[in-house]
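Take a look at the structure set out below.
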Amino acid sequence: MSEGKSRGVEVHHIDVVAPSERHGRARDLFAVWCSANLSIGQFVFGALAVIVGNNLLWAVVALVIGNVVGGAFMALHSAQGSRLGVPQLIQSRGQFGYYGALLPVILAALLYGGFFVVTAIIGGQALTAAVPAAEPEIATILVSLVSIGLALIGYRVIHLAARLAVWPLSVSVLIVAVASIRHGGLDWSLGGFSWGPFLTAIGLVATFLLTYAPYVSDYSRYLPEDTPARSTFGWTFLGATTGYFAAGLVGAFLAVQFKDLDSMAAVRAVLGDGPLTFVVLIVGAAAIGGNNALNLYGGMLNLITAVSSAVKVKASVTFRVVMLLPTFLIGLAVAMWASDNFVTNLSNFLSFLMLGFVPWGAVNLIDYYLVRHGDYDVNAFFEPRGPYYEDAATWTWKGIAWKAILSYVVGVLASIPLVGNTWYTGPLSEALGGADLSWIPGTVVTGAVYLLLMGRRSARRPQHVLDRV
């Protein structure tokens, strides 16, 4: 049984998707990424742009810039899925080596677990706001059960749920937008600008979309291999930025109007009590649960990638279930007590994700687009003693590609002085008013070092070895 032919639970995990099982169109990605970001659950990320110290106007400007930057980098990763037919972190073996790719795998475990916790808490808040009598812990569990159900069935049902959700989510966000505008108190004055909060907001907004990079191509890998990269990029970018900006804009509206309330409580405050409020919040809670399925699904693929580095794994439904449970159970347990100081902890979490993942993304994109031009031996991603185990050109020894590792480490070290959050503020960040600009050297320095070490290779005929591994 295969995902391409079955209506049931997806069987594929990290193995290559054969050409005969490819299906869909690039425009299908619009619904996936629009639905993932267009919900009341994403209000909190727009609210952050205000909470860090911006007035409404400059928060919205930061949302626009952060959306474009983060969405562009995210969409560049998406284009790799249809070309190679494997999950993103398996493809990282092409840059970091067969065992060196465990570095982004470890980082991704923190990302998936952390975002599962964050999203579960927001989902619980939405359900509790809809049904005030509900216990927050029970609400969080109920929303999380939606997530694991979708993640278990897999790729096809995630795409289907996303298509079905676009219009209900659009209407619910629009209702809250209209209500918040009618509520008043939206000051669009130019005054109160400060570089520190403004640049921090750009970084936080961009980072949220950047954190999709380790798994964005997981949702394009079933597309036909001749799908134009331009189409994959365009539909991913448009879907993510449209949904994220719309939700972020309303979140910023609510943050300036209800400074002492979380985003879900602010939705109830602006809509009042009544059936409309209940429906909007229930739709939002269901959407948040669906969005969290992406974290469980990605967490499953990530754990399988780690396990496959030590032993040969075989695709099966049972194995998928076992690999889903750690992120679900640990994340749910953490979510039960992690809601205190939620916004502050979320901001800090995004800051450290920026520090860890932006340099990885720089290496991945430079290697794919400028060094190898998409030319990888796909089957070798699964060979412990193949070309990604020993290669003098990339300083790969015993499965670790030291040119990539060195570039990554230099990028992280260059970024640390510009980290700015309540856990740690670097000296350059402090001089800039606390702005977190670590994503700039994380991108520029890492990319420059890697390109200098690797050099630009001439494009060769792409290797499409897509038979079943």
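Ordered as shown in the structure tokens, chains take letters A, B, and onward, while each chain numbers its residues from 1 and ligands are numbered from 1 in the order shown.
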
Restrict the calculation to only C-alpha atoms, then for each residue of range 142-216 of chain A with any atom at most 9 Å from an atom of range 282-303 of chain A give the closest atom pair and their distance in Å to one decimal, rows by chain and rising residue number, as CSV.
residue,atom,partner,partner_atom,distance
A:Leu142,CA,A:Gly289,CA,8.7
A:Val143,CA,A:Gly289,CA,5.1
A:Ser144,CA,A:Gly289,CA,5.8
A:Leu145,CA,A:Gly289,CA,7.6
A:Val146,CA,A:Gly289,CA,5.4
A:Ser147,CA,A:Ala293,CA,4.2
A:Ile148,CA,A:Ala293,CA,6.1
A:Gly149,CA,A:Ala293,CA,7.9
A:Leu150,CA,A:Ala293,CA,5.9
A:Ala151,CA,A:Ala293,CA,4.9
A:Leu152,CA,A:Tyr297,CA,7.5
A:Gly154,CA,A:Tyr297,CA,7.2
A:Tyr155,CA,A:Tyr297,CA,8.6
A:Ile158,CA,A:Gly290,CA,7.8
A:Ala161,CA,A:Gly290,CA,7.7
A:Ala162,CA,A:Gly290,CA,8.2
A:Ala165,CA,A:Ala287,CA,7.4
A:Pro168,CA,A:Val283,CA,7.3
A:Leu169,CA,A:Val283,CA,7.1
A:Ser172,CA,A:Val283,CA,7.5
A:Val173,CA,A:Gly284,CA,8.8
A:Pro214,CA,A:Gly298,CA,8.3
A:Tyr215,CA,A:Gly298,CA,6.0

| said: When DSSP is applied to the backbone of this structure, which of range 218-259 of chain A are assigned helix (DSSP H, G or I)? Write them out as a ChimeraX atom specification. | reply: /A:218-219,229-257

| DSSP on the backbone: what in range 290-442 of chain A comes out strand (DSSP E), as a list in words? |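 Result set for range 290-442 of chain A (strand (DSSP E)): Thr396, Trp397, Ile400 and Ala401 of chain A.
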
| task | Considering only C-alpha atoms, state which residue in the set A:Pro427, A:Gly196, A:Gly251, A:Gly455 is at the smallest distance from Thr394 in chain A. | result |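 Closest residue, counting only C-alpha atoms: A:Gly455.
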
| request: Select, from A:Ile141, A:Arg83, A:Leu38, A:Val311, the residue with the minimum atom-to-atom distance to Ala333 in chain A, counting only C-alpha atoms. | output: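 Using only C-alpha atoms, Ala333 in chain A sits closest to A:Ile141.
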
| request: Excluding range 407-419 of chain A and residues on its chain fewer than 4 positions from it, collect all residues at most 6 Å away from it, counting only C-alpha atoms, and give them as JSON, numbers by chain. | output: {"A": [359, 425, 426, 427, 428, 429, 436, 437, 438, 441, 442, 445, 446, 449, 450]}

Can you list every residue of range 205-225 of chain A that has an atom at most 10 Å from range 52-71 of chain A, with its nearest atom pair and the distance in Å to one decimal, using only C-alpha atoms, ordered by chain then number, as CSV?
residue,atom,partner,partner_atom,distance
A:Val205,CA,A:Gly66,CA,5.0
A:Ala206,CA,A:Gly70,CA,4.1
A:Thr207,CA,A:Gly70,CA,6.3
A:Phe208,CA,A:Gly70,CA,7.4
A:Leu209,CA,A:Gly70,CA,5.0
A:Leu210,CA,A:Gly70,CA,5.1
A:Thr211,CA,A:Gly70,CA,8.7
A:Tyr212,CA,A:Gly70,CA,9.3
A:Ala213,CA,A:Gly70,CA,9.4

| message | I want to know what sits within 12 Å of Gly184 in chain A, based on only C-alpha atoms, with residues of the same chain fewer than 6 positions away left out; could you give that as an MDAnalysis selection string? | response | chainID A and resid 177:178 253:254 256:258 270
